[in-house]
>>> print(open('my_file_32.txt').read())   # compact mmCIF, C-alpha atoms
# COMPACT_ATOMS: atom_id res chain seq x y z
CA ASP A 1083 10.19 26.99 12.28
CA ALA A 1084 7.04 25.04 12.81
CA LYS A 1085 7.47 21.40 13.75
CA THR A 1086 3.98 20.23 12.87
CA THR A 1087 2.36 19.11 9.63
CA GLN A 1088 -1.32 19.67 8.93
CA PRO A 1089 -3.48 19.38 5.81
CA THR A 1090 -4.03 22.68 4.10
CA SER A 1091 -7.81 22.42 4.11
CA MET A 1092 -10.70 20.15 5.03
CA ASP A 1093 -14.45 20.12 4.53
CA CYS A 1094 -17.05 18.96 7.01
CA ALA A 1095 -20.82 18.76 6.88
CA GLU A 1096 -22.69 20.72 9.52
CA GLY A 1097 -23.68 18.52 12.45
CA ARG A 1098 -21.04 15.91 11.71
CA ALA A 1099 -17.79 15.37 13.58
CA ALA A 1100 -14.75 17.19 12.27
CA ASN A 1101 -11.48 15.29 12.72
CA LEU A 1102 -8.39 17.42 12.17
CA PRO A 1103 -5.06 15.56 12.06
CA CYS A 1104 -1.64 16.83 13.02
CA ASN A 1105 1.75 15.20 12.63
CA HIS A 1106 4.48 16.08 15.12
CA SER A 1107 6.94 13.26 14.66
CA THR A 1108 9.87 15.08 16.30
CA ILE A 1109 8.05 15.90 19.52
CA SER A 1110 10.04 15.34 22.68
CA GLY A 1111 8.81 13.85 25.91
CA ASN A 1112 8.07 17.05 27.78
CA GLU A 1113 6.46 19.01 24.95
CA TYR A 1114 2.74 19.70 24.95
CA VAL A 1115 0.42 19.72 21.97
CA TYR A 1116 -1.80 22.80 21.79
CA TRP A 1117 -4.66 23.57 19.43
CA TYR A 1118 -5.84 27.04 18.57
CA ARG A 1119 -8.25 28.30 15.95
CA GLN A 1120 -8.53 31.62 14.18
CA ILE A 1121 -11.81 32.85 12.83
CA HIS A 1122 -11.49 35.42 10.07
CA SER A 1123 -10.21 38.82 11.27
CA GLN A 1124 -9.92 37.72 14.89
CA GLY A 1125 -7.01 36.74 17.11
CA PRO A 1126 -6.34 33.03 17.65
CA GLN A 1127 -8.52 31.33 20.24
CA TYR A 1128 -7.34 28.56 22.54
CA ILE A 1129 -9.15 25.22 22.14
CA ILE A 1130 -7.38 22.50 24.08
CA HIS A 1131 -3.96 21.09 24.96
CA GLY A 1132 -2.48 17.81 26.15
CA LEU A 1133 0.73 15.99 26.94
CA LYS A 1134 0.15 12.23 26.76
CA ASN A 1135 -3.42 11.46 27.66
CA ASN A 1136 -6.51 12.20 25.64
CA GLU A 1137 -8.26 15.38 26.72
CA THR A 1138 -11.81 16.65 26.42
CA ASN A 1139 -13.41 19.99 27.20
CA GLU A 1140 -16.59 21.78 26.22
CA MET A 1141 -15.20 22.68 22.82
CA ALA A 1142 -13.38 19.61 21.58
CA SER A 1143 -11.51 16.38 22.23
CA LEU A 1144 -7.82 15.80 21.69
CA ILE A 1145 -6.57 12.34 20.84
CA ILE A 1146 -2.80 11.82 21.07
CA THR A 1147 -1.29 8.60 19.74
CA GLU A 1148 0.65 6.42 22.13
CA ASP A 1149 3.98 7.28 20.49
CA ARG A 1150 2.94 10.98 20.60
CA LYS A 1151 3.97 11.49 16.99
CA SER A 1152 0.53 12.59 15.89
CA SER A 1153 -2.73 13.86 17.27
CA THR A 1154 -6.30 14.53 16.19
CA LEU A 1155 -8.58 17.35 17.21
CA ILE A 1156 -12.22 16.33 17.19
CA LEU A 1157 -15.11 18.77 17.03
CA PRO A 1158 -18.02 16.41 17.81
CA HIS A 1159 -20.83 18.35 16.12
CA ALA A 1160 -19.44 20.97 13.77
CA THR A 1161 -21.46 24.13 13.17
CA LEU A 1162 -21.02 26.87 10.60
CA ARG A 1163 -19.37 28.98 13.31
CA ASP A 1164 -16.57 26.43 13.52
CA THR A 1165 -15.34 27.49 10.08
CA ALA A 1166 -11.82 28.74 10.82
CA VAL A 1167 -8.12 28.01 10.49
CA TYR A 1168 -7.03 25.44 13.06
CA TYR A 1169 -3.44 25.45 14.29
CA CYS A 1170 -1.66 22.54 15.91
CA ILE A 1171 1.30 23.75 17.97
CA VAL A 1172 4.03 21.92 19.80
CA LEU A 1173 5.25 23.78 22.84
CA LEU A 1174 9.03 23.87 22.52
CA ALA A 1175 11.72 24.61 25.03
CA PHE A 1176 11.52 28.03 26.69
CA ASN A 1177 7.85 28.07 25.81
CA LYS A 1178 7.98 29.32 22.26
CA PHE A 1179 4.76 28.86 20.33
CA TYR A 1180 5.42 28.07 16.68
CA PHE A 1181 2.37 28.39 14.47
CA GLY A 1182 2.43 26.65 11.09
CA SER A 1183 -0.01 27.46 8.32
CA GLY A 1184 -2.81 25.47 9.93
CA THR A 1185 -5.81 23.69 8.42
CA LYS A 1186 -8.64 25.70 6.93
CA LEU A 1187 -11.82 23.92 8.04
CA ASN A 1188 -14.87 24.65 5.92
CA VAL A 1189 -18.13 23.60 7.57
CA LYS A 1190 -20.85 23.35 4.97
CA PRO A 1191 -24.62 23.30 5.46
CA GLU B 196 -12.54 39.20 32.86
CA ALA B 197 -11.39 41.75 30.29
CA GLY B 198 -9.40 40.37 27.39
CA VAL B 199 -6.19 41.55 25.78
CA ALA B 200 -6.67 45.03 24.38
CA GLN B 201 -4.85 46.38 21.37
CA SER B 202 -4.88 49.71 19.59
CA PRO B 203 -5.21 50.93 16.99
CA ARG B 204 -7.18 48.23 15.18
CA TYR B 205 -6.14 49.52 11.77
CA LYS B 206 -3.27 51.68 10.56
CA ILE B 207 -2.26 52.81 7.08
CA ILE B 208 1.11 54.48 6.58
CA GLU B 209 3.56 55.13 3.79
CA LYS B 210 6.89 53.36 3.61
CA ARG B 211 9.68 54.92 5.63
CA GLN B 212 7.18 56.30 8.14
CA SER B 213 7.10 55.22 11.77
CA VAL B 214 4.27 53.46 13.58
CA ALA B 215 3.59 52.23 17.10
CA PHE B 216 1.18 49.64 18.44
CA TRP B 217 -0.05 49.34 21.98
CA CYS B 218 -1.08 46.28 23.99
CA ASN B 219 -2.71 45.98 27.39
CA PRO B 220 -2.56 42.36 28.56
CA ILE B 221 -4.98 40.64 30.90
CA SER B 222 -4.40 41.82 34.44
CA GLY B 223 -1.87 39.73 36.30
CA HIS B 224 -0.44 38.02 33.23
CA ALA B 225 3.32 37.93 33.54
CA THR B 226 4.14 36.80 30.02
CA LEU B 227 3.45 38.94 26.96
CA TYR B 228 4.05 38.13 23.30
CA TRP B 229 4.04 40.08 20.06
CA TYR B 230 3.39 38.19 16.82
CA GLN B 231 3.41 39.20 13.18
CA GLN B 232 0.88 37.50 10.90
CA ILE B 233 1.28 37.99 7.17
CA LEU B 234 -1.79 37.24 5.07
CA GLY B 235 -2.23 33.52 4.51
CA GLN B 236 0.37 32.51 7.10
CA GLY B 237 0.32 31.56 10.74
CA PRO B 238 1.44 34.03 13.41
CA LYS B 239 5.20 34.40 13.80
CA LEU B 240 6.62 35.21 17.21
CA LEU B 241 8.53 38.50 17.28
CA ILE B 242 9.28 38.96 20.97
CA GLN B 243 8.40 37.48 24.35
CA PHE B 244 8.46 39.36 27.66
CA GLN B 245 8.44 37.88 31.13
CA ASN B 246 7.29 40.74 33.36
CA ASN B 247 9.37 43.63 32.00
CA GLY B 248 12.31 41.55 30.80
CA VAL B 249 12.86 40.19 27.30
CA VAL B 250 12.93 36.38 27.17
CA ASP B 251 13.24 35.94 23.42
CA ASP B 252 13.63 38.47 20.62
CA SER B 253 15.49 36.27 18.16
CA GLN B 254 12.92 36.83 15.40
CA LEU B 255 12.63 40.59 15.89
CA PRO B 256 14.22 42.63 13.05
CA LYS B 257 16.10 44.86 15.42
CA ASP B 258 17.26 47.29 12.78
CA ARG B 259 13.71 48.62 12.48
CA PHE B 260 11.55 47.00 15.15
CA SER B 261 11.65 47.73 18.85
CA ALA B 262 9.44 46.77 21.76
CA GLU B 263 9.23 47.59 25.40
CA ARG B 264 7.16 46.60 28.39
CA LEU B 265 7.72 49.20 31.03
CA LYS B 266 6.60 48.29 34.54
CA GLY B 267 5.74 44.80 33.33
CA VAL B 268 2.21 45.68 32.23
CA ASP B 269 1.46 47.48 28.94
CA SER B 270 3.67 47.04 25.94
CA THR B 271 4.41 48.96 22.77
CA LEU B 272 5.83 47.68 19.49
CA LYS B 273 7.40 50.22 17.15
CA ILE B 274 8.50 50.04 13.53
CA GLN B 275 10.87 52.71 12.26
CA PRO B 276 11.12 53.04 9.29
CA ALA B 277 8.37 50.84 7.87
CA LYS B 278 8.81 48.79 4.71
CA LEU B 279 6.20 47.42 2.34
CA GLU B 280 6.82 43.88 3.62
CA ASP B 281 5.80 44.96 7.14
CA SER B 282 2.16 44.94 6.03
CA ALA B 283 0.59 42.39 8.34
CA VAL B 284 -1.57 41.91 11.40
CA TYR B 285 0.33 42.44 14.65
CA LEU B 286 -1.05 40.30 17.45
CA CYS B 287 -0.44 40.66 21.14
CA ALA B 288 -0.98 37.76 23.52
CA SER B 289 -0.58 37.28 27.25
CA ARG B 290 -0.31 34.32 29.54
CA PRO B 291 -0.71 34.07 33.31
CA ASN B 292 2.22 31.71 33.67
CA LEU B 293 4.16 29.22 31.59
CA LEU B 294 1.72 26.41 32.32
CA ASN B 295 -1.36 27.96 30.79
CA GLU B 296 -2.64 28.90 27.37
CA GLN B 297 -2.08 32.24 25.66
CA PHE B 298 -4.89 34.72 25.25
CA PHE B 299 -4.78 36.81 22.10
CA GLY B 300 -5.96 40.31 21.39
CA PRO B 301 -7.85 41.24 18.21
CA GLY B 302 -4.71 42.47 16.46
CA THR B 303 -3.69 45.62 14.61
CA ARG B 304 -3.84 45.47 10.83
CA LEU B 305 -0.99 47.49 9.33
CA THR B 306 -0.91 48.48 5.68
CA VAL B 307 2.28 50.04 4.35
CA LEU B 308 1.87 51.85 1.01
>>> encode(input="my_file_32.txt", output="structure tokens")
Amino acid sequence: DAKTTQPTSMDCAEGRAANLPCNHSTISGNEYVYWYRQIHSQGPQYIIHGLKNNETNEMASLIITEDRKSSTLILPHATLRDTAVYYCIVLLAFNKFYFGSGTKLNVKP
Amino acid sequence: EAGVAQSPRYKIIEKRQSVAFWCNPISGHATLYWYQQILGQGPKLLIQFQNNGVVDDSQLPKDRFSAERLKGVDSTLKIQPAKLEDSAVYLCASRPNLLNEQFFGPGTRLTVL
């Protein structure tokens, strides 16, 4: 059972920042937050992960609230190729990855 | 670095038939996962291997599904007999250790008629 809540879908204009929220109110202290995305007909692709601090890589930034009950994935300059389903995952004990239904991000020209 | 390989990419069978999927993880990755992804849903974990041992198969329907990872490298997932509700994409993923991200293969799309 997934332990995250994400909006079903979001729209974003090309070139603008896409901010994808995730609620994980039951997260425990040693659980990581991972983000993956899945472009149509492909396997999920890793984006970023974090524990407590904000993280940034070449793809995105991850902002985790101080109480760790929610996080936001930020794509700074969305392109049409960023259209995908984005999954927020909390890494549970024994390293099980639970995928919810994710957020369908539509980047529009 | 080669990615996770899966075959076949597509398979169409009739119900009650048997089918097998193959996965070759990234070299050196100790952990291997099989997921089932039904259309419109997120991937659901079926089984997790650590080297050639099963770590978690709690979500695997053991009356019809089986999986093995001989020698701790390649893995096969088998369904026997298949049901209509088994129509899905079967994803394989591997991970170098339990501190890193998973890498997914392209998946095998199974259609059961």
>>> closest_atom_pairs(input="my_file_32.txt", of="chain A", to="chain B", cutoff="12 Å", atoms="all atoms listed in the file", output="Markdown table")
| residue | atom | partner | partner_atom | distance |
| --- | --- | --- | --- | --- |
| A:Asp1083 | CA | B:Lys239 | CA | 9.1 |
| A:Ala1084 | CA | B:Gly237 | CA | 9.6 |
| A:Thr1090 | CA | B:Gly235 | CA | 11.0 |
| A:Glu1113 | CA | B:Leu294 | CA | 11.5 |
| A:Tyr1114 | CA | B:Leu294 | CA | 10.0 |
| A:Val1115 | CA | B:Glu296 | CA | 11.1 |
| A:Tyr1116 | CA | B:Glu296 | CA | 8.3 |
| A:Trp1117 | CA | B:Glu296 | CA | 9.8 |
| A:Tyr1118 | CA | B:Glu296 | CA | 9.5 |
| A:Arg1119 | CA | B:Gly237 | CA | 10.5 |
| A:Gln1120 | CA | B:Gly237 | CA | 9.5 |
| A:Ile1121 | CA | B:Pro301 | CA | 10.7 |
| A:His1122 | CA | B:Pro301 | CA | 10.6 |
| A:Ser1123 | CA | B:Pro301 | CA | 7.7 |
| A:Gln1124 | CA | B:Pro301 | CA | 5.3 |
| A:Gly1125 | CA | B:Pro301 | CA | 4.7 |
| A:Pro1126 | CA | B:Phe299 | CA | 6.0 |
| A:Gln1127 | CA | B:Phe299 | CA | 6.9 |
| A:Tyr1128 | CA | B:Glu296 | CA | 6.7 |
| A:Ile1129 | CA | B:Glu296 | CA | 9.1 |
| A:Ile1130 | CA | B:Glu296 | CA | 8.6 |
| A:His1131 | CA | B:Glu296 | CA | 8.3 |
| A:Gly1132 | CA | B:Glu296 | CA | 11.2 |
| A:Leu1133 | CA | B:Leu294 | CA | 11.8 |
| A:Val1167 | CA | B:Gly237 | CA | 9.2 |
| A:Tyr1168 | CA | B:Gly237 | CA | 9.8 |
| A:Tyr1169 | CA | B:Gly237 | CA | 8.0 |
| A:Cys1170 | CA | B:Gly237 | CA | 10.6 |
| A:Ile1171 | CA | B:Gly237 | CA | 10.7 |
| A:Leu1173 | CA | B:Leu293 | CA | 10.4 |
| A:Leu1174 | CA | B:Leu293 | CA | 11.6 |
| A:Ala1175 | CA | B:Leu293 | CA | 11.0 |
| A:Phe1176 | CA | B:Val250 | CA | 8.5 |
| A:Asn1177 | CA | B:Leu293 | CA | 7.0 |
| A:Lys1178 | CA | B:Leu240 | CA | 7.9 |
| A:Phe1179 | CA | B:Leu240 | CA | 7.3 |
| A:Tyr1180 | CA | B:Lys239 | CA | 7.0 |
| A:Phe1181 | CA | B:Gly237 | CA | 5.3 |
| A:Gly1182 | CA | B:Gly237 | CA | 5.4 |
| A:Ser1183 | CA | B:Gly237 | CA | 4.8 |
| A:Gly1184 | CA | B:Gly237 | CA | 6.9 |
| A:Thr1185 | CA | B:Gly237 | CA | 10.2 |
| A:Lys1186 | CA | B:Gly235 | CA | 10.4 |
>>> atom_distance(input="my_file_32.txt", atom1="CA of Pro220 in chain B", atom2="CA of Leu255 in chain B")
19.9 Å
>>> atom_distance(input="my_file_32.txt", atom1="CA of Lys206 in chain B", atom2="CA of Thr306 in chain B")
6.3 Å
>>> atom_distance(input="my_file_32.txt", atom1="CA of Pro256 in chain B", atom2="CA of Asn219 in chain B")
22.4 Å
>>> closest_residue(input="my_file_32.txt", among="A:Asn1136, A:Ser1152, A:Asn1188, A:Thr1161", to="Thr1108 in chain A", atoms="only C-alpha atoms")
A:Ser1152
>>> closest_residue(input="my_file_32.txt", among="B:Asn292, B:Gly248, B:Leu279, B:Trp229", to="Ile208 in chain B", atoms="all atoms listed in the file")
B:Leu279
>>> closest_residue(input="my_file_32.txt", among="B:Ile221, B:Ile233, B:Leu227, B:Ala277", to="Leu265 in chain B", atoms="only C-alpha atoms")
B:Leu227
>>> closest_residue(input="my_file_32.txt", among="A:Ala1160, A:Ile1109, A:Leu1187, A:Met1141", to="Glu1096 in chain A", atoms="only C-alpha atoms")
A:Ala1160
>>> residues_around(input="my_file_32.txt", residues="Pro1191 in chain A", least_positions_apart="4", cutoff="12 Å", atoms="only C-alpha atoms", output="PDB file with C-alpha atoms, in the frame of the given file")
ATOM      1  CA  ASP A1093     -14.450  20.120   4.530  1.00  0.00           C
ATOM      2  CA  CYS A1094     -17.050  18.960   7.010  1.00  0.00           C
ATOM      3  CA  ALA A1095     -20.820  18.760   6.880  1.00  0.00           C
ATOM      4  CA  GLU A1096     -22.690  20.720   9.520  1.00  0.00           C
ATOM      5  CA  GLY A1097     -23.680  18.520  12.450  1.00  0.00           C
ATOM      6  CA  ARG A1098     -21.040  15.910  11.710  1.00  0.00           C
ATOM      7  CA  ALA A1160     -19.440  20.970  13.770  1.00  0.00           C
ATOM      8  CA  THR A1161     -21.460  24.130  13.170  1.00  0.00           C
ATOM      9  CA  LEU A1162     -21.020  26.870  10.600  1.00  0.00           C
ATOM     10  CA  ARG A1163     -19.370  28.980  13.310  1.00  0.00           C
ATOM     11  CA  ASP A1164     -16.570  26.430  13.520  1.00  0.00           C
ATOM     12  CA  THR A1165     -15.340  27.490  10.080  1.00  0.00           C
TER      13      THR A1165
END
>>> residues_around(input="my_file_32.txt", residues="Ser270 in chain B", least_positions_apart="4", cutoff="6 Å", atoms="only C-alpha atoms", output="PyMOL selection string")
chain B and resi 217-218+263-264
>>> closest_residue(input="my_file_32.txt", among="B:Arg290, B:Gln254, B:Arg204, B:Asp269", to="Tyr230 in chain B", atoms="only C-alpha atoms")
B:Gln254
>>> residues_around(input="my_file_32.txt", residues="Asn247 in chain B", least_positions_apart="2", cutoff="7 Å", atoms="only C-alpha atoms", output="number ranges by chain")
B: 244-245, 249, 264-267
